[in-house]
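Colleague: What follows is run-v7.txt, made up of compact mmCIF, C-alpha atoms:
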# COMPACT_ATOMS: atom_id res chain seq x y z
CA MET B 1 63.01 -26.27 30.61
CA THR B 2 65.11 -29.01 29.12
CA GLY B 3 66.62 -28.83 25.67
CA GLU B 4 69.45 -27.39 23.72
CA PHE B 5 68.94 -23.68 24.07
CA HIS B 6 70.54 -21.23 26.36
CA THR B 7 69.26 -17.78 27.13
CA SER B 8 71.61 -14.84 27.07
CA LYS B 9 71.65 -11.53 28.85
CA LEU B 10 70.30 -10.03 25.65
CA ASP B 11 67.19 -12.20 25.94
CA ASP B 12 66.82 -11.03 29.50
CA ILE B 13 66.84 -7.40 28.46
CA LEU B 14 64.47 -7.99 25.53
CA ASN B 15 62.03 -9.92 27.67
CA TRP B 16 62.20 -7.27 30.38
CA ALA B 17 61.23 -4.69 27.77
CA ARG B 18 58.49 -6.89 26.36
CA LYS B 19 56.80 -7.63 29.65
CA PHE B 20 56.41 -3.93 30.46
CA SER B 21 55.14 -2.84 27.05
CA LEU B 22 52.34 -5.27 26.21
CA PHE B 23 50.04 -4.04 23.47
CA GLN B 24 46.80 -5.91 23.95
CA TYR B 25 44.16 -6.96 21.47
CA PRO B 26 40.92 -7.38 23.44
CA PHE B 27 38.80 -10.09 21.81
CA VAL B 28 35.69 -9.21 23.79
CA THR B 29 32.61 -11.36 23.17
CA ALA B 30 30.53 -11.36 26.33
CA CYS B 31 29.76 -9.97 29.79
CA CYS B 32 33.38 -10.33 30.98
CA GLY B 33 33.93 -7.22 28.86
CA MET B 34 32.48 -5.11 31.66
CA GLU B 35 35.13 -6.36 34.04
CA PHE B 36 37.76 -5.84 31.39
CA MET B 37 36.68 -2.20 31.12
CA SER B 38 36.95 -1.91 34.86
CA VAL B 39 40.52 -3.22 34.75
CA ALA B 40 41.39 -0.76 32.03
CA ALA B 41 39.71 2.20 33.73
CA PRO B 42 41.54 4.44 36.24
CA LYS B 43 40.41 2.66 39.41
CA TYR B 44 42.34 -0.56 38.72
CA ASP B 45 44.42 0.93 35.93
CA ILE B 46 46.15 -1.78 33.94
CA ALA B 47 48.43 1.00 32.69
CA ARG B 48 50.45 0.64 35.88
CA PHE B 49 51.76 -2.61 34.43
CA GLY B 50 52.60 -1.19 31.05
CA ALA B 51 49.65 -2.86 29.30
CA GLU B 52 47.36 0.12 28.90
CA PHE B 53 47.20 0.35 25.15
CA PRO B 54 44.41 -1.67 23.48
CA ARG B 55 45.04 -1.97 19.75
CA PHE B 56 42.14 -2.87 17.54
CA SER B 57 44.32 -4.45 14.91
CA PRO B 58 46.06 -7.75 15.64
CA ARG B 59 49.04 -6.56 13.60
CA GLN B 60 49.83 -3.98 16.25
CA ALA B 61 49.26 -6.19 19.27
CA ASP B 62 51.34 -8.82 21.05
CA LEU B 63 48.90 -9.85 23.79
CA LEU B 64 45.59 -11.44 22.80
CA ILE B 65 43.12 -11.18 25.67
CA ILE B 66 40.13 -13.47 25.04
CA VAL B 67 37.31 -11.99 27.08
CA GLY B 68 34.12 -14.04 27.11
CA THR B 69 32.45 -17.08 25.57
CA ILE B 70 33.88 -18.44 22.33
CA THR B 71 31.48 -20.29 20.05
CA GLU B 72 32.49 -22.94 17.57
CA ARG B 73 31.47 -20.55 14.84
CA GLN B 74 33.99 -17.97 16.05
CA GLY B 75 36.83 -20.50 16.07
CA PRO B 76 38.23 -19.77 12.59
CA ALA B 77 38.11 -15.99 13.22
CA LEU B 78 39.92 -16.32 16.55
CA ARG B 79 42.58 -18.57 15.05
CA ARG B 80 43.08 -16.14 12.20
CA ILE B 81 43.47 -13.16 14.52
CA TYR B 82 46.09 -15.08 16.49
CA GLU B 83 47.97 -15.93 13.32
CA GLN B 84 47.93 -12.29 12.21
CA MET B 85 49.67 -11.07 15.36
CA CYS B 86 53.39 -10.32 15.20
CA GLU B 87 55.75 -12.60 17.09
CA PRO B 88 56.48 -12.95 19.94
CA LYS B 89 52.89 -13.06 21.15
CA TRP B 90 50.97 -14.18 24.17
CA VAL B 91 47.39 -15.19 24.93
CA VAL B 92 45.35 -14.71 28.10
CA ALA B 93 41.99 -16.43 28.63
CA PHE B 94 39.87 -14.02 30.66
CA GLY B 95 37.09 -15.72 32.66
CA VAL B 96 35.89 -19.33 32.83
CA CYS B 97 34.14 -19.29 29.46
CA ALA B 98 37.33 -18.46 27.60
CA SER B 99 39.25 -20.92 29.79
CA THR B 100 36.99 -23.97 29.71
CA GLY B 101 33.62 -23.06 28.22
CA GLY B 102 32.31 -22.26 31.70
CA PHE B 103 28.79 -23.34 32.46
CA TYR B 104 27.97 -23.76 28.79
CA GLN B 105 28.00 -27.40 27.76
CA ASN B 106 26.20 -27.51 24.45
CA TYR B 107 26.39 -27.79 20.70
CA SER B 108 27.48 -24.22 20.06
CA THR B 109 30.07 -23.31 22.69
CA MET B 110 33.75 -24.10 22.34
CA PRO B 111 35.05 -25.82 25.50
CA GLY B 112 37.84 -23.30 26.08
CA ALA B 113 39.70 -21.00 23.71
CA ASP B 114 42.78 -23.25 24.03
CA GLN B 115 41.06 -25.55 21.55
CA VAL B 116 42.21 -23.20 18.80
CA VAL B 117 44.98 -20.95 20.22
CA PRO B 118 47.72 -21.70 22.78
CA VAL B 119 46.79 -19.96 26.04
CA ASP B 120 49.56 -18.81 28.40
CA VAL B 121 47.55 -17.64 31.41
CA TYR B 122 44.03 -18.66 32.42
CA ILE B 123 42.14 -16.25 34.67
CA PRO B 124 39.17 -18.01 36.31
CA GLY B 125 36.06 -16.25 37.55
CA CYS B 126 32.59 -15.49 36.26
CA PRO B 127 33.59 -12.77 35.73
CA PRO B 128 37.01 -12.46 37.42
CA ARG B 129 37.59 -9.58 39.81
CA PRO B 130 39.94 -6.91 38.47
CA GLU B 131 42.48 -7.93 41.12
CA GLN B 132 42.51 -11.44 39.65
CA VAL B 133 43.16 -10.00 36.21
CA LEU B 134 46.06 -7.92 37.48
CA ASP B 135 47.45 -11.02 39.23
CA GLY B 136 47.13 -12.94 35.96
CA LEU B 137 48.97 -10.16 34.17
CA ILE B 138 51.80 -10.28 36.69
CA LEU B 139 52.03 -14.06 36.23
CA LEU B 140 52.22 -13.51 32.49
CA GLN B 141 54.99 -10.97 32.95
CA GLU B 142 56.96 -13.55 34.95
CA ARG B 143 56.45 -16.05 32.18
CA ILE B 144 57.58 -13.56 29.56
CA GLN B 145 60.71 -12.71 31.56
CA ARG B 146 61.63 -16.40 31.69
CA GLY B 147 60.93 -16.83 27.99
CA GLU B 148 58.37 -19.54 28.65
CA GLY B 149 55.40 -18.26 26.68
CA HIS B 150 54.11 -20.82 24.17
CA ASN B 151 55.13 -18.65 21.27
CA GLN B 152 58.53 -17.76 22.74
CA VAL B 153 59.30 -21.46 23.06
CA ALA B 154 58.06 -22.09 19.53
CA ILE B 155 60.33 -19.37 18.15
CA ARG B 156 63.36 -20.94 19.84
CA VAL B 157 62.44 -24.43 18.64
CA GLU B 158 62.15 -23.13 15.10
CA ALA B 159 65.48 -21.31 15.36
CA ALA B 160 67.18 -24.45 16.67
CA GLU B 161 65.75 -26.46 13.80
CA LYS B 162 67.01 -23.93 11.27
CA ASP B 163 70.43 -23.91 12.89
CA ALA B 164 70.65 -27.69 12.84
CA LYS B 165 69.72 -27.74 9.18
CA LYS B 166 72.40 -25.16 8.36
CA LYS B 167 75.04 -27.17 10.16
CA GLY B 168 73.85 -30.40 8.59
CA ARG B 169 72.98 -31.97 11.92
CA ALA B 170 69.92 -34.04 12.67
CA PHE B 171 67.38 -32.04 14.58
CA GLU B 172 65.70 -33.61 17.51
CA PRO B 173 62.84 -31.52 18.83
CA PRO B 174 63.70 -30.83 22.48
CA LEU B 175 61.39 -32.04 25.17
CA VAL B 176 59.91 -28.81 26.38
CA SER B 177 58.39 -28.60 29.79
CA ILE B 178 56.94 -25.36 31.01
CA ARG B 179 57.20 -25.02 34.74
CA PRO B 180 54.09 -24.11 36.68
CA LEU B 181 54.04 -20.43 37.46
CA GLY B 182 54.04 -20.96 41.20
CA ALA B 183 57.34 -22.86 40.93
CA ALA B 184 58.96 -20.02 39.04
CA LYS B 185 57.81 -17.63 41.74
CA ALA B 186 59.23 -19.78 44.54
CA GLU B 187 62.60 -20.11 42.79
CA SER B 188 62.99 -16.42 42.31
CA LYS B 189 62.81 -15.83 46.05
CA MET R 190 -8.87 -10.71 27.14
CA ALA R 191 -9.27 -11.29 23.44
CA GLN R 192 -12.23 -13.62 23.10
CA ILE R 193 -13.33 -11.46 20.17
CA VAL R 194 -10.38 -12.77 18.16
CA LEU R 195 -11.38 -16.39 18.75
CA ASP R 196 -15.02 -15.55 17.96
CA ARG R 197 -14.05 -13.92 14.69
CA LEU R 198 -11.86 -16.89 13.76
CA ALA R 199 -14.62 -19.38 14.60
CA ALA R 200 -17.14 -17.43 12.50
CA GLN R 201 -14.82 -17.16 9.51
CA PHE R 202 -13.26 -20.62 9.55
CA ASN R 203 -16.02 -23.09 10.31
CA THR R 204 -15.14 -26.06 8.09
CA GLY R 205 -12.49 -27.66 10.27
CA GLU R 206 -9.65 -25.18 9.70
CA LEU R 207 -9.61 -24.46 13.44
CA VAL R 208 -8.52 -27.67 15.14
CA GLY R 209 -8.89 -26.31 18.65
CA SER R 210 -8.83 -23.16 20.71
CA GLY R 211 -8.89 -22.03 24.29
CA THR R 212 -7.75 -19.61 26.97
CA GLU R 213 -4.70 -20.21 29.10
CA ARG R 214 -3.90 -17.81 31.97
CA GLY R 215 -5.61 -14.91 30.23
CA ASP R 216 -4.14 -15.52 26.77
CA GLU R 217 -6.07 -17.00 23.86
CA TRP R 218 -4.65 -19.68 21.63
CA ALA R 219 -5.82 -21.51 18.54
CA ARG R 220 -4.56 -24.56 16.71
CA VAL R 221 -4.77 -24.20 12.94
CA ARG R 222 -4.90 -26.90 10.27
CA ARG R 223 -1.77 -26.79 8.14
CA ASP R 224 -3.49 -26.00 4.84
CA ALA R 225 -5.26 -22.97 6.38
CA TRP R 226 -2.15 -21.50 8.04
CA VAL R 227 -1.60 -18.56 5.67
CA ALA R 228 -5.33 -17.91 5.22
CA VAL R 229 -5.83 -17.62 8.99
CA ALA R 230 -2.80 -15.35 9.35
CA THR R 231 -3.91 -13.09 6.53
CA PHE R 232 -7.44 -12.88 7.94
CA LEU R 233 -6.16 -11.95 11.41
CA ARG R 234 -4.03 -9.21 9.94
CA ASP R 235 -6.72 -7.71 7.69
CA ASP R 236 -9.98 -8.13 9.60
CA PRO R 237 -11.02 -4.80 11.18
CA ALA R 238 -12.10 -6.58 14.37
CA THR R 239 -8.75 -8.33 14.91
CA LYS R 240 -6.13 -6.09 13.18
CA MET R 241 -3.04 -8.10 14.07
CA GLU R 242 -0.55 -5.61 12.65
CA MET R 243 2.34 -6.76 14.74
CA PHE R 244 4.23 -10.00 14.38
CA ILE R 245 5.76 -10.76 17.79
CA ASP R 246 7.42 -14.14 17.55
CA LEU R 247 7.67 -17.38 15.63
CA THR R 248 9.37 -20.49 16.90
CA SER R 249 9.03 -24.24 16.91
CA VAL R 250 8.53 -26.87 19.60
CA ASP R 251 9.73 -30.46 19.39
CA ARG R 252 6.88 -32.33 21.11
CA PHE R 253 8.62 -35.68 20.68
CA GLY R 254 5.55 -37.80 21.33
CA SER R 255 3.70 -35.53 23.74
CA ARG R 256 0.61 -33.54 22.79
CA GLY R 257 0.56 -29.76 22.52
CA PRO R 258 -2.47 -27.58 23.29
CA GLY R 259 -5.44 -28.67 21.19
CA ALA R 260 -3.60 -31.67 19.73
CA THR R 261 -6.07 -34.18 21.19
CA ALA R 262 -6.48 -37.66 19.80
CA ALA R 263 -9.88 -36.65 18.43
CA ALA R 264 -8.44 -33.62 16.65
CA VAL R 265 -5.12 -34.81 15.24
CA GLY R 266 -5.31 -38.60 15.47
CA ALA R 267 -3.50 -41.22 17.51
CA GLU R 268 -0.07 -40.00 16.45
CA PRO R 269 0.39 -36.30 17.36
CA PRO R 270 2.57 -34.18 15.02
CA ARG R 271 6.17 -34.10 16.22
CA PHE R 272 6.69 -30.36 15.68
CA ASP R 273 4.52 -27.39 16.48
CA VAL R 274 5.18 -24.03 14.89
CA VAL R 275 4.08 -21.31 17.33
CA VAL R 276 3.29 -17.73 16.35
CA HIS R 277 2.50 -14.83 18.66
CA LEU R 278 0.56 -11.88 17.24
CA TYR R 279 -0.41 -8.54 18.72
CA SER R 280 -2.73 -5.76 17.66
CA VAL R 281 -1.23 -2.39 18.47
CA SER R 282 -4.46 -0.50 17.75
CA LEU R 283 -6.86 -2.89 19.53
CA LYS R 284 -4.41 -4.02 22.23
CA HIS R 285 -5.07 -7.74 22.12
CA ARG R 286 -2.95 -10.73 21.31
CA ILE R 287 -3.24 -14.35 20.23
CA ARG R 288 -1.04 -17.42 19.97
CA LEU R 289 -1.35 -19.77 17.00
CA TYR R 290 -0.14 -23.37 16.72
CA CYS R 291 0.37 -25.42 13.61
CA GLY R 292 1.48 -29.04 13.68
CA ALA R 293 4.04 -30.58 11.33
CA PRO R 294 4.73 -34.34 11.29
CA GLU R 295 8.31 -35.59 11.53
CA GLU R 296 8.64 -37.24 8.13
CA ASP R 297 6.99 -34.30 6.37
CA ALA R 298 8.06 -31.33 8.51
CA TRP R 299 6.96 -28.24 6.64
CA VAL R 300 4.63 -25.28 7.14
CA ASP R 301 3.76 -22.54 4.66
CA THR R 302 5.79 -19.38 5.09
CA LEU R 303 4.33 -16.26 6.69
CA VAL R 304 6.85 -13.89 5.09
CA PRO R 305 4.29 -12.53 2.55
CA VAL R 306 1.95 -11.71 5.47
CA TRP R 307 4.50 -10.21 7.86
CA ALA R 308 7.97 -9.53 6.46
CA GLY R 309 9.31 -9.80 10.01
CA ALA R 310 8.76 -13.55 9.97
CA ASP R 311 11.74 -14.00 7.64
CA TRP R 312 14.60 -14.48 10.12
CA TYR R 313 12.36 -16.21 12.68
CA GLU R 314 11.51 -18.89 10.15
CA ARG R 315 15.18 -19.25 9.27
CA GLU R 316 15.94 -19.73 12.96
CA ALA R 317 13.21 -22.36 13.38
CA TYR R 318 14.50 -24.13 10.28
CA ASP R 319 18.10 -23.96 11.52
CA LEU R 320 17.47 -25.28 15.03
CA TYR R 321 14.49 -27.63 14.48
CA GLY R 322 14.60 -28.55 10.82
CA VAL R 323 11.04 -27.46 10.05
CA ARG R 324 10.98 -26.23 6.47
CA PHE R 325 8.89 -23.21 5.45
CA LYS R 326 7.37 -23.58 2.00
CA GLY R 327 7.74 -20.49 -0.13
CA HIS R 328 10.32 -18.79 2.10
CA PRO R 329 12.47 -16.46 -0.05
CA ASP R 330 15.83 -17.47 1.47
CA LEU R 331 15.66 -20.51 3.74
CA ARG R 332 19.28 -20.82 4.94
CA ARG R 333 20.75 -21.45 8.37
CA ILE R 334 20.97 -18.26 10.40
CA LEU R 335 22.70 -19.12 13.70
CA MET R 336 24.72 -22.26 12.99
CA TYR R 337 27.41 -22.43 10.31
CA PRO R 338 26.63 -23.95 6.90
CA GLU R 339 28.87 -26.97 7.62
CA PHE R 340 26.74 -27.94 10.63
CA VAL R 341 24.94 -31.26 10.21
CA GLY R 342 21.51 -31.76 11.80
CA HIS R 343 19.31 -29.51 13.91
CA PRO R 344 20.64 -28.96 17.44
CA LEU R 345 17.43 -28.18 19.36
CA ARG R 346 15.68 -31.37 18.28
CA LYS R 347 15.20 -33.61 21.28
CA ASP R 348 17.12 -36.43 19.61
CA TYR R 349 20.23 -34.34 18.94
CA PRO R 350 22.96 -35.73 21.26
CA LYS R 351 23.67 -33.34 24.14
CA GLU R 352 27.44 -33.86 24.02
CA LYS R 353 27.82 -33.75 20.25
CA ARG R 354 30.25 -31.11 18.95
CA GLN R 355 30.92 -30.15 15.35
CA PRO R 356 34.10 -28.05 15.55
CA LEU R 357 35.17 -25.94 12.58
CA VAL R 358 38.82 -25.66 13.65
CA ARG R 359 41.12 -27.16 16.29
CA ARG R 360 44.79 -26.68 17.23
CA GLN R 361 47.17 -29.16 15.70
CA THR R 362 49.05 -30.87 18.49
CA GLY R 363 52.81 -31.17 18.27
CA MET R 364 53.21 -28.03 16.20
CA PRO R 365 55.14 -25.04 17.54
CA GLU R 366 52.91 -21.98 17.47
Represent the supplied structure as structure tokens.

Modeller:
Amino acid sequence: MTGEFHTSKLDDILNWARKFSLFQYPFVTACCGMEFMSVAAPKYDIARFGAEFPRFSPRQADLLIIVGTITERQGPALRRIYEQMCEPKWVVAFGVCASTGGFYQNYSTMPGADQVVPVDVYIPGCPPRPEQVLDGLILLQERIQRGEGHNQVAIRVEAAEKDAKKKGRAFEPPLVSIRPLGAAKAESK
Amino acid sequence: MAQIVLDRLAAQFNTGELVGSGTERGDEWARVRRDAWVAVATFLRDDPATKMEMFIDLTSVDRFGSRGPGATAAAVGAEPPRFDVVVHLYSVSLKHRIRLYCGAPEEDAWVDTLVPVWAGADWYEREAYDLYGVRFKGHPDLRRILMYPEFVGHPLRKDYPKEKRQPLVRRQTGMPE
């Protein structure tokens, strides 16, 4: 990431805590829901990664998992749920329909949930295997630890803008580049 | 299977209300003139020999220049109606079924509503109106049912562009979120 922020040890500790205590809001619309249940059930047990607690209110959740096809008609509802979540927050697109629209190419289906909310991790598959979902969750945890979630970056940009205003300096929005997750993995070795 | 239904219809409506009829793979069908649509439906429901108590399905077909069953040049003229409204009926007590067609031309796409005959037709007619743009005269509440009110046009018409999207909301680029 380029720009004018630095991350402190305090951020490290906070992000470490955040990545192991994700409260998820499952936005389940379609058949991928079955696979989501499988991930949550004891056999694959998403609880091992600290994300076992589905909350059915966006106000109590910090991870929005979009499971299934999103129609254009659902767009405003999805956007509103995202906006109601407390910051910092993350979004996972579960399955190809949530990621790209999948095999639907028609008047009613939204071509990917990222048309209305910023998605941090895309999990492909129709539906994805539970192992893929767990892998996606681990990738998300890496991203959280590095503070590179869309919303985490947005919070820092906003804070920098506020700071610049307070000090009477001109604010130049930093050029933010989010590294691909594979690169982050390779560096950490 | 249900020739009796066609026979009863032919006996009752013998002044051109039945445009055509036939049997296709064991199922009977009849094409009905538009002004006799409700009369035929009511008769099929009430006649003791047909007793169509159960409304199965109502939908529309965009023929787009082709001819549906019974829509021969002799019966409906050189220009076939663009839309067909299709109804499936079933008699629970007599265990027979029939399929009815009714044509509606493009510039004047309407058919009388069947809601007073079978209340179950309500949402089916709303769906046919929503997706094909066929209006149902006398329907108590003819609004879109699947698409949102802001949607323009009727998406299952053959001339609706395949790639056309009408999004309600999109992310604003360049905004932190």

Colleague: Mind giving me the straight-line distance from CA of Gly68 in chain B to CA of Leu345 in chain R in Å, one decimal?

Modeller: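 CA of Leu345 in chain R lies 23.2 Å from CA of Gly68 in chain B.
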
Colleague: Taking only C-alpha atoms into account, report as number ranges by chain which residues of chain R lie within 8 Å of chain B.

Modeller: R: 336-337, 344, 351-360, 365-366

Colleague: Counting all atoms listed in the file, which residue out of R:Trp226, R:Trp299, R:Phe202, R:Phe272 sits closest to Ser255 in chain R?

Modeller: R:Phe272

Colleague: When you look at Arg252 in chain R with a cut-off of 8 Å (counting all atoms listed in the file), what residues show up, excluding the ones that are within fewer than 5 positions of it in the same chain? I need them as a VMD selection string.

Modeller: chain R and resid 257 270 to 273

Colleague: Could the residues in this selection be saved with C-alpha atoms as a PDB file, keeping the file's coordinate frame?

Modeller:
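So the final result, stored in part-v1.pdb, reads:
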ATOM      1  CA  GLY R 257       0.560 -29.760  22.520  1.00  0.00           C
ATOM      2  CA  PRO R 270       2.570 -34.180  15.020  1.00  0.00           C
ATOM      3  CA  ARG R 271       6.170 -34.100  16.220  1.00  0.00           C
ATOM      4  CA  PHE R 272       6.690 -30.360  15.680  1.00  0.00           C
ATOM      5  CA  ASP R 273       4.520 -27.390  16.480  1.00  0.00           C
TER       6      ASP R 273
END

Colleague: Given 8 Å on each side, where is the centre and what are the edge lengths in Å to one decimal of the axis-aligned box enclosing the listed atoms of range 234-243 of chain R, as AutoDock Vina command-line options?

Modeller:
--center_x -4.9 --center_y -7.0 --center_z 11.3 --size_x 30.4 --size_y 20.4 --size_z 23.2

Colleague: Report, in Å to a single decimal, how far apart CA of Thr239 in chain R and CA of Leu283 in chain R are.

Modeller: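 Value for the CA of Leu283 in chain R-CA of Thr239 in chain R distance: 7.4 Å.
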
Colleague: Could you give me, as a PyMOL selection string, the residues within 10 Å of Ala293 in chain R, counting all atoms listed in the file and dropping anything in the same chain fewer than 3 positions from it?

Modeller: chain R and resi 222-223+249+251+269-274+290+296-300+323-324

Colleague: Rounded to one decimal, what separation in Å do you get between CA of Asp236 in chain R and CA of Gln192 in chain R?

Modeller: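 So the answer is 14.7 Å.
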
Colleague: Tell me, as number ranges by chain, which residues lie within 6 Å of range 125-140 of chain B, counting only C-alpha atoms; anything in the same chain fewer than 6 positions away does not count.

Modeller: B: 32, 39, 95-96

Colleague: Keeping only C-alpha atoms, write the selected residues to a file as a short mmCIF file (atom, residue, chain, number, x, y, z; two decimals), in the frame of the given file.

Modeller:
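To be explicit, this is the file written out as again.cif:
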data_model
loop_
_atom_site.label_atom_id
_atom_site.label_comp_id
_atom_site.auth_asym_id
_atom_site.auth_seq_id
_atom_site.Cartn_x
_atom_site.Cartn_y
_atom_site.Cartn_z
CA CYS B 32 33.38 -10.33 30.98
CA VAL B 39 40.52 -3.22 34.75
CA GLY B 95 37.09 -15.72 32.66
CA VAL B 96 35.89 -19.33 32.83
#

Colleague: So that I can check the surroundings of range 56-59 of chain B, please list as a VMD selection string every protein, DNA and RNA residue that reaches within 10 Å of it, counting all atoms listed in the file and ignoring chain neighbours fewer than 3 positions away.

Modeller: chain B and resid 23 to 27 53 62 to 64 80 to 87

Colleague: Residues near range 212-216 of chain R, anyone? I mean within 9 Å using all atoms listed in the file, not counting same-chain ones fewer than 6 positions away, as a short mmCIF file (atom, residue, chain, number, x, y, z; two decimals) with C-alpha atoms, in the frame of the given file.

Modeller:
data_model
loop_
_atom_site.label_atom_id
_atom_site.label_comp_id
_atom_site.auth_asym_id
_atom_site.auth_seq_id
_atom_site.Cartn_x
_atom_site.Cartn_y
_atom_site.Cartn_z
CA MET R 190 -8.87 -10.71 27.14
CA ALA R 191 -9.27 -11.29 23.44
CA GLN R 192 -12.23 -13.62 23.10
CA ARG R 286 -2.95 -10.73 21.31
CA ILE R 287 -3.24 -14.35 20.23
CA ARG R 288 -1.04 -17.42 19.97
#

Colleague: Which residue gives the smallest distance to Asp301 in chain R among R:Ala228, R:Leu207, R:Leu195, R:Val281, with only C-alpha atoms counted?

Modeller: R:Ala228

Colleague: So, counting all atoms listed in the file, which residue among R:Phe244, R:Tyr349, R:Phe253, R:Phe340 is closest to Tyr313 in chain R?

Modeller: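 Closest to Tyr313 in chain R of all the choices is R:Phe244.
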